[in-house]
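Raw contents of run_26.tsv, TSV, C-alpha atoms:
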```
chain	number	residue	atom	x	y	z
A	148	MET	CA	14.44	16.86	-0.98
A	149	THR	CA	13.40	13.30	-1.68
A	150	SER	CA	15.18	11.39	-4.38
A	151	PRO	CA	12.92	10.57	-7.36
A	152	SER	CA	14.13	7.00	-7.03
A	153	ALA	CA	11.81	6.68	-4.01
A	154	TYR	CA	8.90	6.69	-6.44
A	155	SER	CA	7.77	3.73	-8.48
A	156	LEU	CA	5.43	3.26	-11.41
A	157	ARG	CA	2.75	0.60	-11.32
A	158	PRO	CA	0.65	0.13	-14.40
A	159	ARG	CA	-1.46	-2.63	-12.93
A	160	ILE	CA	-3.66	-4.16	-15.57
A	161	ARG	CA	-7.25	-4.92	-14.65
A	162	VAL	CA	-9.75	-6.81	-16.76
A	163	THR	CA	-13.20	-5.90	-15.55
A	164	ARG	CA	-16.76	-6.78	-16.29
A	165	GLY	CA	-18.90	-4.01	-14.89
A	166	ASP	CA	-17.52	-3.41	-11.42
A	167	VAL	CA	-16.08	-6.92	-11.08
A	168	VAL	CA	-12.35	-7.39	-11.57
A	169	ILE	CA	-11.95	-10.63	-13.53
A	170	ILE	CA	-8.21	-10.52	-13.32
A	171	GLY	CA	-6.00	-7.84	-11.82
A	172	PRO	CA	-2.94	-7.53	-9.58
A	173	GLY	CA	-4.51	-9.29	-6.58
A	174	LYS	CA	-5.93	-12.22	-8.52
A	175	ALA	CA	-2.73	-12.60	-10.53
A	176	ASP	CA	-0.71	-12.71	-7.29
A	177	LEU	CA	-3.12	-15.33	-5.95
A	178	LEU	CA	-2.67	-17.49	-9.05
A	179	GLU	CA	1.08	-17.11	-8.69
A	180	ALA	CA	0.92	-18.15	-5.02
A	181	ILE	CA	-1.22	-21.20	-5.83
A	182	ALA	CA	1.26	-22.22	-8.53
A	183	GLN	CA	4.09	-21.89	-6.00
A	184	THR	CA	2.46	-23.48	-2.96
A	185	GLY	CA	0.13	-26.02	-4.60
A	186	SER	CA	-2.51	-25.10	-2.05
A	187	ILE	CA	-5.29	-22.51	-1.82
A	188	ARG	CA	-4.90	-22.37	1.96
A	189	SER	CA	-1.14	-21.74	1.82
A	190	ALA	CA	-1.60	-19.21	-0.98
A	191	ALA	CA	-4.25	-17.38	1.05
A	192	GLU	CA	-1.99	-17.32	4.10
A	193	ALA	CA	0.93	-16.02	2.07
A	194	MET	CA	-1.33	-13.19	0.92
A	195	SER	CA	-2.81	-12.52	4.36
A	196	MET	CA	-6.32	-13.27	3.21
A	197	SER	CA	-8.87	-15.78	4.43
A	198	TYR	CA	-9.41	-19.09	2.67
A	199	MET	CA	-12.98	-18.00	1.90
A	200	ARG	CA	-11.77	-14.77	0.33
A	201	ALA	CA	-9.24	-16.65	-1.81
A	202	TRP	CA	-11.86	-19.16	-2.86
A	203	SER	CA	-14.27	-16.36	-3.75
A	204	LEU	CA	-11.64	-14.77	-6.03
A	205	ILE	CA	-10.96	-18.13	-7.64
A	206	ARG	CA	-14.67	-18.74	-8.24
A	207	THR	CA	-14.95	-15.37	-9.99
A	208	MET	CA	-12.04	-16.22	-12.27
A	209	ASN	CA	-13.15	-19.80	-12.90
A	210	ALA	CA	-16.65	-18.62	-13.84
A	211	SER	CA	-15.38	-15.97	-16.26
A	212	PHE	CA	-13.05	-18.02	-18.42
A	213	ARG	CA	-14.04	-20.78	-20.82
A	214	GLU	CA	-11.97	-23.21	-18.74
A	215	PRO	CA	-11.31	-22.95	-15.01
A	216	LEU	CA	-7.96	-21.43	-14.01
A	217	VAL	CA	-7.58	-23.31	-10.74
A	218	GLU	CA	-8.62	-26.80	-9.84
A	219	LYS	CA	-8.54	-28.62	-6.56
A	220	THR	CA	-6.46	-31.76	-6.47
A	221	ARG	CA	-7.90	-34.50	-4.31
A	222	GLY	CA	-6.43	-37.65	-2.86
A	223	GLY	CA	-2.88	-38.94	-2.61
A	224	ALA	CA	0.00	-36.83	-1.42
A	225	MET	CA	-1.66	-33.73	-2.81
A	226	LYS	CA	-4.87	-34.09	-0.79
A	227	GLY	CA	-6.36	-30.68	-0.19
A	228	GLY	CA	-4.08	-29.11	-2.75
A	229	ALA	CA	-4.84	-26.99	-5.77
A	230	THR	CA	-3.13	-26.40	-9.05
A	231	LEU	CA	-3.30	-24.08	-12.02
A	232	THR	CA	-4.88	-25.61	-15.10
A	233	PRO	CA	-3.12	-25.13	-18.46
A	234	THR	CA	-5.55	-22.23	-19.03
A	235	GLY	CA	-4.63	-20.81	-15.62
A	236	GLU	CA	-0.94	-20.92	-16.49
A	237	LYS	CA	-1.64	-19.32	-19.85
A	238	VAL	CA	-3.74	-16.51	-18.34
A	239	LEU	CA	-1.05	-15.78	-15.75
A	240	ARG	CA	1.65	-15.71	-18.44
A	241	ILE	CA	-0.39	-13.37	-20.66
A	242	TYR	CA	-1.20	-11.17	-17.68
A	243	HIS	CA	2.47	-10.75	-16.79
A	244	GLU	CA	3.33	-10.02	-20.42
A	245	MET	CA	0.68	-7.31	-20.58
A	246	ASP	CA	1.90	-5.80	-17.32
A	247	GLU	CA	5.51	-5.71	-18.51
A	248	THR	CA	4.62	-4.36	-21.95
A	249	SER	CA	2.52	-1.61	-20.38
A	250	LEU	CA	5.28	-0.68	-17.98
A	251	LYS	CA	7.75	-0.39	-20.82
A	252	ALA	CA	5.34	1.66	-22.94
A	253	ALA	CA	4.81	4.09	-20.09
A	254	GLY	CA	8.57	4.68	-19.85
A	255	PRO	CA	8.85	7.95	-21.77
A	256	GLY	CA	5.94	9.49	-19.86
A	257	TRP	CA	7.37	8.22	-16.59
A	258	LYS	CA	10.66	9.94	-17.35
A	259	LYS	CA	8.84	13.25	-17.90
A	260	LEU	CA	6.82	12.79	-14.72
A	261	ARG	CA	9.87	11.98	-12.60
A	262	ALA	CA	11.44	15.26	-13.64
A	263	LEU	CA	8.48	17.04	-12.03
A	264	LEU	CA	8.60	15.05	-8.79
A	265	LYS	CA	10.53	16.21	-5.76
B	109	MET	CA	-22.59	-17.34	-23.04
B	110	THR	CA	-21.53	-13.79	-22.32
B	111	SER	CA	-20.08	-11.76	-25.13
B	112	PRO	CA	-16.38	-10.96	-24.62
B	113	SER	CA	-17.31	-7.34	-25.38
B	114	ALA	CA	-18.77	-7.17	-21.86
B	115	TYR	CA	-15.19	-7.12	-20.55
B	116	SER	CA	-12.95	-4.13	-20.53
B	117	LEU	CA	-9.25	-3.60	-19.98
B	118	ARG	CA	-8.03	-0.97	-17.53
B	119	PRO	CA	-4.32	-0.41	-17.24
B	120	ARG	CA	-4.55	2.25	-14.59
B	121	ILE	CA	-1.19	3.81	-13.98
B	122	ARG	CA	-0.18	4.49	-10.38
B	123	VAL	CA	2.88	6.37	-9.24
B	124	THR	CA	3.59	5.35	-5.69
B	125	ARG	CA	6.00	6.20	-2.95
B	126	GLY	CA	5.92	3.35	-0.48
B	127	ASP	CA	2.23	2.68	0.05
B	128	VAL	CA	1.16	6.19	-0.90
B	129	VAL	CA	-0.28	6.76	-4.36
B	130	ILE	CA	1.16	10.05	-5.60
B	131	ILE	CA	-0.90	10.00	-8.74
B	132	GLY	CA	-3.29	7.34	-9.95
B	133	PRO	CA	-6.76	7.03	-11.48
B	134	GLY	CA	-8.58	8.69	-8.54
B	135	LYS	CA	-6.22	11.64	-8.21
B	136	ALA	CA	-6.11	12.13	-12.00
B	137	ASP	CA	-9.92	12.20	-12.09
B	138	LEU	CA	-9.89	14.75	-9.27
B	139	LEU	CA	-7.46	16.99	-11.14
B	140	GLU	CA	-9.67	16.67	-14.21
B	141	ALA	CA	-12.76	17.61	-12.19
B	142	ILE	CA	-11.02	20.65	-10.67
B	143	ALA	CA	-9.95	21.77	-14.15
B	144	GLN	CA	-13.56	21.43	-15.31
B	145	THR	CA	-15.38	22.93	-12.32
B	146	GLY	CA	-12.81	25.46	-11.08
B	147	SER	CA	-13.66	24.44	-7.53
B	148	ILE	CA	-12.43	21.80	-5.10
B	149	ARG	CA	-15.88	21.57	-3.52
B	150	SER	CA	-17.64	21.02	-6.86
B	151	ALA	CA	-14.98	18.54	-7.95
B	152	ALA	CA	-15.36	16.61	-4.68
B	153	GLU	CA	-19.16	16.54	-5.09
B	154	ALA	CA	-18.85	15.33	-8.68
B	155	MET	CA	-16.70	12.48	-7.40
B	156	SER	CA	-18.91	11.73	-4.38
B	157	MET	CA	-16.15	12.45	-1.91
B	158	SER	CA	-15.93	14.86	0.97
B	159	TYR	CA	-14.17	18.19	0.64
B	160	MET	CA	-11.71	17.05	3.30
B	161	ARG	CA	-10.92	13.89	1.37
B	162	ALA	CA	-10.36	15.85	-1.85
B	163	TRP	CA	-8.17	18.35	-0.04
B	164	SER	CA	-6.16	15.51	1.50
B	165	LEU	CA	-5.51	14.01	-1.97
B	166	ILE	CA	-4.49	17.43	-3.27
B	167	ARG	CA	-2.11	17.98	-0.37
B	168	THR	CA	-0.43	14.65	-1.10
B	169	MET	CA	0.07	15.62	-4.74
B	170	ASN	CA	1.13	19.18	-3.98
B	171	ALA	CA	3.73	17.97	-1.49
B	172	SER	CA	5.20	15.41	-3.89
B	173	PHE	CA	5.87	17.54	-6.92
B	174	ARG	CA	8.39	20.35	-7.20
B	175	GLU	CA	5.54	22.76	-7.86
B	176	PRO	CA	1.97	22.42	-6.54
B	177	LEU	CA	-0.56	20.93	-8.98
B	178	VAL	CA	-3.60	22.74	-7.60
B	179	GLU	CA	-3.86	26.21	-6.15
B	180	LYS	CA	-6.76	27.97	-4.52
B	181	THR	CA	-7.91	31.13	-6.22
B	182	ARG	CA	-9.03	33.79	-3.82
B	183	GLY	CA	-11.04	36.95	-4.27
B	184	GLY	CA	-13.06	38.32	-7.16
B	185	ALA	CA	-15.50	36.23	-9.11
B	186	MET	CA	-13.46	33.09	-8.45
B	187	LYS	CA	-13.59	33.38	-4.65
B	188	GLY	CA	-13.36	29.93	-3.14
B	189	GLY	CA	-12.30	28.43	-6.42
B	190	ALA	CA	-9.29	26.36	-7.36
B	191	THR	CA	-7.33	25.88	-10.50
B	192	LEU	CA	-4.65	23.62	-11.93
B	193	THR	CA	-1.23	25.20	-12.07
B	194	PRO	CA	0.80	24.84	-15.29
B	195	THR	CA	2.54	21.90	-13.57
B	196	GLY	CA	-0.86	20.42	-12.69
B	197	GLU	CA	-1.97	20.62	-16.30
B	198	LYS	CA	1.30	19.10	-17.44
B	199	VAL	CA	1.09	16.22	-14.96
B	200	LEU	CA	-2.50	15.47	-15.97
B	201	ARG	CA	-1.56	15.50	-19.66
B	202	ILE	CA	1.43	13.19	-19.11
B	203	TYR	CA	-0.71	10.89	-16.96
B	204	HIS	CA	-3.33	10.54	-19.70
B	205	GLU	CA	-0.62	9.92	-22.30
B	206	MET	CA	0.87	7.15	-20.17
B	207	ASP	CA	-2.53	5.58	-19.61
B	208	GLU	CA	-3.31	5.59	-23.33
B	209	THR	CA	0.13	4.33	-24.33
B	210	SER	CA	-0.11	1.50	-21.82
B	211	LEU	CA	-3.57	0.55	-23.02
B	212	LYS	CA	-2.35	0.38	-26.59
B	213	ALA	CA	0.72	-1.65	-25.64
B	214	ALA	CA	-1.44	-4.19	-23.83
B	215	GLY	CA	-3.53	-4.72	-26.96
B	216	PRO	CA	-1.93	-7.94	-28.26
B	217	GLY	CA	-2.10	-9.59	-24.83
B	218	TRP	CA	-5.66	-8.39	-24.37
B	219	LYS	CA	-6.63	-10.04	-27.66
B	220	LYS	CA	-5.17	-13.36	-26.44
B	221	LEU	CA	-6.89	-13.01	-23.08
B	222	ARG	CA	-10.28	-12.23	-24.63
B	223	ALA	CA	-10.11	-15.46	-26.59
B	224	LEU	CA	-9.97	-17.32	-23.26
B	225	LEU	CA	-12.88	-15.44	-21.68
B	226	LYS	CA	-16.44	-16.69	-21.84
```
Using C-alpha cells, write down the structure that the file contains.
Amino acid sequence: MTSPSAYSLRPRIRVTRGDVVIIGPGKADLLEAIAQTGSIRSAAEAMSMSYMRAWSLIRTMNASFREPLVEKTRGGAMKGGATLTPTGEKVLRIYHEMDETSLKAAGPGWKKLRALLK
Amino acid sequence: MTSPSAYSLRPRIRVTRGDVVIIGPGKADLLEAIAQTGSIRSAAEAMSMSYMRAWSLIRTMNASFREPLVEKTRGGAMKGGATLTPTGEKVLRIYHEMDETSLKAAGPGWKKLRALLK
C-alpha cells in the first residue's frame, strides 16, 4: 500500500480570457525565472522551452495588463537582458499569495480526500 | 480597452502522485458525466474523448483510492452502464468543495489582480 504522503495537492491558479491563460503556473514560473536570471533566454533554458515560446508567453502577459510585466533591458552590462517591471513584480507577488491562500483553504478537504487514498 | 469582466479565475485543484494526476478538473468532469449519463461511453462522448481514454482515466482513479470510484453495472436495463460508487460520489463532492473554497479564498488577490488587467 502506498503512503498517502506520496500524493500532493496543487491548486494552481489560472486567470483566463476565453481559452487563453493570462497568468497561470507556467507563466508565473517564467516570470520568476526572468527575475532570477535577468534574461529571457536563460529563463527559457531553465524551463526547457524555446526563446520564441517564452517570448510568446511574455507578449500575452504584456498585452493583457495595463502595464507590461517584463521589459527588455538594452545596452551596458545588461545587454540582451530582461527584467520584471514593478507591475510584473506585483503580479507575481499577488499570484503567489493567491496560490498559497488557495492551498491553505483546500486543507480540510484535502485531509478528507487523503483518508480515501491508498 | 477590454472589460476586466472578460477574465475569469480558475483555481483548478489537482491531486498528483509524481507526474500523474489522480484527480483534477478533467477527471472530476468525467466522474460528473458518468454520474449524469450512467455510462462510460456516453460520458466519454460528452467530453469528446475516446472510450479508451476515459477508461484509462478511470483505471488511474480506481487504482489510487482505497475503494474504486467507478464501477461497471452489468445486466438488466443498465447493461453496459457505469455508476459512481459511494466513494466516487464522496470524492467528487469533496473535490467540488475544495474547488469552491479555493476560489473563494483567492477572492482578495483576484480583486487586486483585476485592477492591474486591461
Residues of chain B near chain A: apply a cut-off of 9 Å, count only C-alpha atoms, and supply the list as an NGL selection string. :B and (110 or 114-126 or 130 or 171-175 or 195 or 198-199 or 202-203 or 205-218 or 220-226)
Take the residues that were just selected and, keeping C-alpha atoms, output them as a CSV table (one decimal), keeping the file's coordinate frame.
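The resulting file, again_12.csv, is reproduced below:
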```csv
chain,number,residue,atom,x,y,z
B,110,THR,CA,-21.5,-13.8,-22.3
B,114,ALA,CA,-18.8,-7.2,-21.9
B,115,TYR,CA,-15.2,-7.1,-20.6
B,116,SER,CA,-13.0,-4.1,-20.5
B,117,LEU,CA,-9.2,-3.6,-20.0
B,118,ARG,CA,-8.0,-1.0,-17.5
B,119,PRO,CA,-4.3,-0.4,-17.2
B,120,ARG,CA,-4.6,2.2,-14.6
B,121,ILE,CA,-1.2,3.8,-14.0
B,122,ARG,CA,-0.2,4.5,-10.4
B,123,VAL,CA,2.9,6.4,-9.2
B,124,THR,CA,3.6,5.4,-5.7
B,125,ARG,CA,6.0,6.2,-3.0
B,126,GLY,CA,5.9,3.4,-0.5
B,130,ILE,CA,1.2,10.0,-5.6
B,171,ALA,CA,3.7,18.0,-1.5
B,172,SER,CA,5.2,15.4,-3.9
B,173,PHE,CA,5.9,17.5,-6.9
B,174,ARG,CA,8.4,20.4,-7.2
B,175,GLU,CA,5.5,22.8,-7.9
B,195,THR,CA,2.5,21.9,-13.6
B,198,LYS,CA,1.3,19.1,-17.4
B,199,VAL,CA,1.1,16.2,-15.0
B,202,ILE,CA,1.4,13.2,-19.1
B,203,TYR,CA,-0.7,10.9,-17.0
B,205,GLU,CA,-0.6,9.9,-22.3
B,206,MET,CA,0.9,7.2,-20.2
B,207,ASP,CA,-2.5,5.6,-19.6
B,208,GLU,CA,-3.3,5.6,-23.3
B,209,THR,CA,0.1,4.3,-24.3
B,210,SER,CA,-0.1,1.5,-21.8
B,211,LEU,CA,-3.6,0.6,-23.0
B,212,LYS,CA,-2.4,0.4,-26.6
B,213,ALA,CA,0.7,-1.6,-25.6
B,214,ALA,CA,-1.4,-4.2,-23.8
B,215,GLY,CA,-3.5,-4.7,-27.0
B,216,PRO,CA,-1.9,-7.9,-28.3
B,217,GLY,CA,-2.1,-9.6,-24.8
B,218,TRP,CA,-5.7,-8.4,-24.4
B,220,LYS,CA,-5.2,-13.4,-26.4
B,221,LEU,CA,-6.9,-13.0,-23.1
B,222,ARG,CA,-10.3,-12.2,-24.6
B,223,ALA,CA,-10.1,-15.5,-26.6
B,224,LEU,CA,-10.0,-17.3,-23.3
B,225,LEU,CA,-12.9,-15.4,-21.7
B,226,LYS,CA,-16.4,-16.7,-21.8
```
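The two atoms in question, atom CA of Thr232 of chain A and atom CA of Leu216 of chain A, are spaced 5.3 Å apart.
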Atom-to-atom span, atom CA of Ala191 of chain A and atom CA of Pro133 of chain B, Å: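 Taking atom CA of Ala191 of chain A as the start and atom CA of Pro133 of chain B as the end point, the length is 27.6 Å.
Note that the spacing between atom CA of Asp166 of chain A and atom CA of Ala182 of chain A amounts to 26.7 Å.
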Which residues are near Ala154 of chain B? Cut-off 12 Å, only C-alpha atoms, ignore same chain within fewer than 3 positions. Put them as a PDB file with C-alpha atoms, in the coordinates of the input.
```
ATOM      1  CA  ASP B 137      -9.920  12.200 -12.090  1.00  0.00           C
ATOM      2  CA  LEU B 138      -9.890  14.750  -9.270  1.00  0.00           C
ATOM      3  CA  LEU B 139      -7.460  16.990 -11.140  1.00  0.00           C
ATOM      4  CA  GLU B 140      -9.670  16.670 -14.210  1.00  0.00           C
ATOM      5  CA  ALA B 141     -12.760  17.610 -12.190  1.00  0.00           C
ATOM      6  CA  ILE B 142     -11.020  20.650 -10.670  1.00  0.00           C
ATOM      7  CA  GLN B 144     -13.560  21.430 -15.310  1.00  0.00           C
ATOM      8  CA  THR B 145     -15.380  22.930 -12.320  1.00  0.00           C
ATOM      9  CA  SER B 147     -13.660  24.440  -7.530  1.00  0.00           C
ATOM     10  CA  ILE B 148     -12.430  21.800  -5.100  1.00  0.00           C
ATOM     11  CA  ARG B 149     -15.880  21.570  -3.520  1.00  0.00           C
ATOM     12  CA  SER B 150     -17.640  21.020  -6.860  1.00  0.00           C
ATOM     13  CA  ALA B 151     -14.980  18.540  -7.950  1.00  0.00           C
ATOM     14  CA  MET B 157     -16.150  12.450  -1.910  1.00  0.00           C
ATOM     15  CA  SER B 158     -15.930  14.860   0.970  1.00  0.00           C
ATOM     16  CA  TYR B 159     -14.170  18.190   0.640  1.00  0.00           C
ATOM     17  CA  ALA B 162     -10.360  15.850  -1.850  1.00  0.00           C
TER      18      ALA B 162
END
```
Since the input is missing atoms, can you rebuild N, CA, C and O atoms for segment 160-177 of chain B and write them as a CSV table (one decimal), in the frame of the given file?
```
chain,number,residue,atom,x,y,z
B,160,MET,N,-12.9,17.4,2.5
B,160,MET,CA,-11.7,17.0,3.3
B,160,MET,C,-10.9,16.0,2.6
B,160,MET,O,-9.7,16.0,2.6
B,161,ARG,N,-11.6,15.0,2.1
B,161,ARG,CA,-10.9,13.9,1.4
B,161,ARG,C,-10.2,14.4,0.1
B,161,ARG,O,-9.1,14.1,-0.1
B,162,ALA,N,-10.9,15.3,-0.6
B,162,ALA,CA,-10.4,15.8,-1.8
B,162,ALA,C,-9.1,16.7,-1.5
B,162,ALA,O,-8.1,16.6,-2.1
B,163,TRP,N,-9.3,17.5,-0.4
B,163,TRP,CA,-8.2,18.4,0.0
B,163,TRP,C,-7.0,17.5,0.4
B,163,TRP,O,-5.8,17.9,0.1
B,164,SER,N,-7.2,16.4,1.1
B,164,SER,CA,-6.2,15.5,1.5
B,164,SER,C,-5.4,14.9,0.3
B,164,SER,O,-4.2,14.9,0.3
B,165,LEU,N,-6.1,14.5,-0.7
B,165,LEU,CA,-5.5,14.0,-2.0
B,165,LEU,C,-4.7,15.1,-2.6
B,165,LEU,O,-3.6,14.8,-3.1
B,166,ILE,N,-5.2,16.3,-2.7
B,166,ILE,CA,-4.5,17.4,-3.3
B,166,ILE,C,-3.2,17.7,-2.5
B,166,ILE,O,-2.2,18.0,-3.1
B,167,ARG,N,-3.3,17.7,-1.2
B,167,ARG,CA,-2.1,18.0,-0.4
B,167,ARG,C,-1.0,17.0,-0.6
B,167,ARG,O,0.2,17.3,-0.7
B,168,THR,N,-1.4,15.7,-0.8
B,168,THR,CA,-0.4,14.6,-1.1
B,168,THR,C,0.3,15.0,-2.4
B,168,THR,O,1.5,14.9,-2.5
B,169,MET,N,-0.5,15.3,-3.4
B,169,MET,CA,0.1,15.6,-4.7
B,169,MET,C,0.9,16.9,-4.7
B,169,MET,O,2.1,16.9,-5.1
B,170,ASN,N,0.4,17.9,-4.1
B,170,ASN,CA,1.1,19.2,-4.0
B,170,ASN,C,2.5,19.0,-3.3
B,170,ASN,O,3.5,19.7,-3.6
B,171,ALA,N,2.5,18.1,-2.3
B,171,ALA,CA,3.7,18.0,-1.5
B,171,ALA,C,4.8,17.1,-2.2
B,171,ALA,O,5.9,17.1,-1.8
B,172,SER,N,4.3,16.4,-3.2
B,172,SER,CA,5.2,15.4,-3.9
B,172,SER,C,5.9,16.0,-5.1
B,172,SER,O,6.9,15.5,-5.5
B,173,PHE,N,5.3,17.0,-5.7
B,173,PHE,CA,5.9,17.5,-6.9
B,173,PHE,C,6.6,18.8,-6.6
B,173,PHE,O,6.4,19.4,-5.5
B,174,ARG,N,7.5,19.2,-7.4
B,174,ARG,CA,8.4,20.4,-7.2
B,174,ARG,C,7.6,21.6,-7.1
B,174,ARG,O,7.9,22.6,-6.4
B,175,GLU,N,6.5,21.6,-7.9
B,175,GLU,CA,5.5,22.8,-7.9
B,175,GLU,C,4.2,22.2,-7.5
B,175,GLU,O,3.9,21.0,-7.9
B,176,PRO,N,3.3,22.9,-6.8
B,176,PRO,CA,2.0,22.4,-6.5
B,176,PRO,C,1.2,22.2,-7.8
B,176,PRO,O,1.5,22.8,-8.9
B,177,LEU,N,0.3,21.2,-7.8
B,177,LEU,CA,-0.6,20.9,-9.0
B,177,LEU,C,-1.9,21.7,-9.0
B,177,LEU,O,-2.4,22.0,-10.0
```
